[in-house]
2 protein chains.
Amino acid sequence: METIIAVVGGTGAEGSGLAARFAKAGVQVRIGSRNLEKAQEAARRIGSQTTGHTNADAVAGAGIVVITVPLSAQVETLKSIRGSIAPGAILVDATVPLEIAIGGRVSRMLTLWDGSAAQQAARLLPGAAVVAAFHALSAEALAKLDHPLDCDALICGDSAEAKAAVVQLAELIPGVRAIDAGPLDNARLLESAAALLISLNLRHKVKESGMRITGLKSGGHL
Amino acid sequence: METIIAVVGGTGAEGSGLAARFAKAGVQVRIGSRNLEKAQEAARRIGSQTTGHTNADAVAGAGIVVITVPLSAQVETLKSIRGSIAPGAILVDATVPLEIAIGGRVSRMLTLWDGSAAQQAARLLPGAAVVAAFHALSAEALAKLDHPLDCDALICGDSAEAKAAVVQLAELIPGVRAIDAGPLDNARLLESAAALLISLNLRHKVKESGMRITGLKSGGHL
């Protein structure tokens with residue numbers, strides 16, 4: 001994949017895991033963070049030409065921007081990149097609206113005015129093609145670079161072209177099958193599925209639960 | 001399993017499929033319907049000692065009552081069995097609060113005041129041990145009696161004893177692994193996961209999509 005990928009919130013576990021997987025597949029990855037030094041440090045750990053930047057700098061010129069931040073940081077982060085994201089860039093939102101954002105439980109969800117975190121992102125970045133994806137990929141599993149994942153990546157969005165690019169990105173990760181889950185309106189179902197896995201992780205004392213969809217014909221693309 | 005199972009709404013596709021699977025496993029099953037003749041006809045199709053009853057008669061003396069009705073019929077159905085359900089009976093609610101109940105889309109959900117259809121059931125039947133389960137088992141797959149299913153049955157509820165009974169019931173269906181998904185408070189996550197599968201069925205033009213959870217240690221029980 002030739003496109004530059006910016007992972008905003010890339011110093012966190014989920015962002016670092018995704019960034020490391022993309023970098024391993026030969027993609028040029030930029031780690032974005034509010035804190036430049038932390039971003040550079042995370043990029044050094046990943047290696048493979050990965051570079052660290054402030055969020056605004058990371059997204060400038062990137063074809064795909066993956067945002068992996070807690071809900072409590074999503075709005076502020078989107079505002080911080082609004083001025084520098086390239087026209088036509090794809091924004092992949094992986095935010096899960098968990099109640100922990102207001103001090104509640106990690107396995108319960110908040111109802112957002114827009115319906116989902118991804119739709120909230122679309123409202124805040126009206127120019128971008130927003131795709132909801134990567135909510136349910138275990139950070140712990142992503143970090144084990146030598147092991148394939150055992151899960152599907154459910155992907156939804158309103159631009160077929162943008163979804164196709166994210167399908168391609170997702171399937172750079174060994175073991176991951178990308179599944180087209182429809183329009184962005186379905187994002188709340190994907191965010192809820194991620195909350196279900198978080199709940200199962202807690203209950204079953206594991207960290208790498210995942211989800212496979214059975215019964216689809218020949219892969220999950222359309 | 002010695003317990004009598006009543007399947008209320010047992011003339012519908014989901015209820016008939018579950019009833020047929022339980023009957024095939026040797027369980028004594030009663031089909032309940034608003035319409036006695038339809039219930040008796042559905043029971044005859046299933047055979048294996050299955051009997052047809054009005055909903056109120058079906059649940060009298062049953063140890064486990066499985067309710068498989070559309071959201072638009074759930075409240076009325078629960079009220080119709082409230083007077084005859086045995087004290088201490090387990091109520092398994094499989095209702096998915098889909099928008100189609102108000103003329104909307106089958107793949108979108110309604111937000112219920114109680115948080116989930118199962119919690120609504122618990123409010124309406126304060127004496128019963130309510131367990132949320134069976135939302136995501138494909139009716140079409142259930143109907144193919146000679147084929148094992150390829151999916152997990154996620155089960156939640158506040159009574160460990162009731163959940164254990166439903167785990168046992170679920171695993172009478174070949175191919176199904178039952179997974180403890182926590183307290184009844186989590187039911188909205190299971191209902192949402194079912195809506196996700198319905199959405200995938202529509203989008204991918206299949207009827208038997210299912211869900212497998214990966215990454216759990218040794219089965220899904222606790």
# chains A, B, ... in the order shown; residues from 1 in each chain; ligands from 1
>>> select_by_dssp(residues="region 2-132 of chain A", states="helix (DSSP H, G or I)", output="ChimeraX atom specification")
/A:13-24,36-46,55-59,71-81,99-102,117-124
>>> residues_around(residues="Gly88 (chain A)", least_positions_apart="6", cutoff="12 Å", atoms="only C-alpha atoms", output="list in words")
Ala60, Gly61, Ala62, Gly63, Ile64, Val65, Leu125, Pro126, Gly127, Ala128, Ala129, Val130, Ser159, Glu161 and Ala162 of chain A
>>> closest_residue(among="B:Val92, B:Leu36, B:Ala143, B:Leu112", to="Leu169 (chain B)", atoms="only C-alpha atoms")
B:Val92
>>> closest_residue(among="B:Gly215, B:Pro183, B:Gly32, B:Gly9", to="chain A", atoms="only C-alpha atoms")
B:Gly215
>>> residues_around(residues="Lys24 (chain A)", least_positions_apart="6", cutoff="10 Å", atoms="only C-alpha atoms", output="list of chain:residue names")
A:Leu18, A:Ile46, A:Gly47, A:Ser48, A:Thr50, A:Leu145, A:Leu172, A:Ile173
>>> write_last_selection(atoms="N, CA and C atoms", output="tab-separated table (two decimals), in the first residue's frame")
chain	number	residue	atom	x	y	z
A	18	LEU	N	-1.83	-1.28	16.01
A	18	LEU	CA	-2.19	-1.15	14.59
A	18	LEU	C	-1.01	-0.61	13.79
A	46	ILE	N	8.61	1.08	17.18
A	46	ILE	CA	8.07	0.32	16.04
A	46	ILE	C	9.13	0.16	14.95
A	47	GLY	N	9.95	1.19	14.74
A	47	GLY	CA	10.98	1.11	13.70
A	47	GLY	C	10.38	1.14	12.30
A	48	SER	N	11.05	0.45	11.36
A	48	SER	CA	10.56	0.34	9.97
A	48	SER	C	10.13	1.68	9.38
A	50	THR	N	8.92	4.20	10.58
A	50	THR	CA	7.81	4.89	11.24
A	50	THR	C	8.32	6.17	11.88
A	145	LEU	N	3.52	-9.40	17.37
A	145	LEU	CA	3.72	-9.23	15.93
A	145	LEU	C	3.95	-10.53	15.17
A	172	LEU	N	-3.98	-6.37	5.64
A	172	LEU	CA	-2.51	-6.43	5.77
A	172	LEU	C	-2.13	-7.13	7.07
A	173	ILE	N	-3.07	-7.19	8.00
A	173	ILE	CA	-2.78	-7.82	9.29
A	173	ILE	C	-3.08	-9.31	9.18
>>> closest_residue(among="A:Val66, A:Val106, A:Ala94, A:Glu41", to="Asn201 (chain A)", atoms="only C-alpha atoms")
A:Val106
>>> interface_residues(of="chain A", to="chain B", cutoff="9 Å", atoms="only C-alpha atoms", output="PyMOL selection string")
chain A and resi 107-108+150-151+179-182+185-186+188-190+192-193+195-197+199-201+203-217+220-222
>>> atom_distance(atom1="CA of Asp114 (chain B)", atom2="CA of Arg123 (chain A)")
28.8 Å
>>> atom_distance(atom1="CA of Thr95 (chain A)", atom2="CA of Arg21 (chain A)")
18.7 Å
>>> residues_around(residues="region 72-75 of chain A", least_positions_apart="2", cutoff="8 Å", atoms="only C-alpha atoms", output="number ranges by chain")
A: 69-70, 77-79, 95, 101-102, 121, 124
>>> atom_distance(atom1="CA of Gly157 (chain A)", atom2="CA of Thr54 (chain A)")
26.6 Å
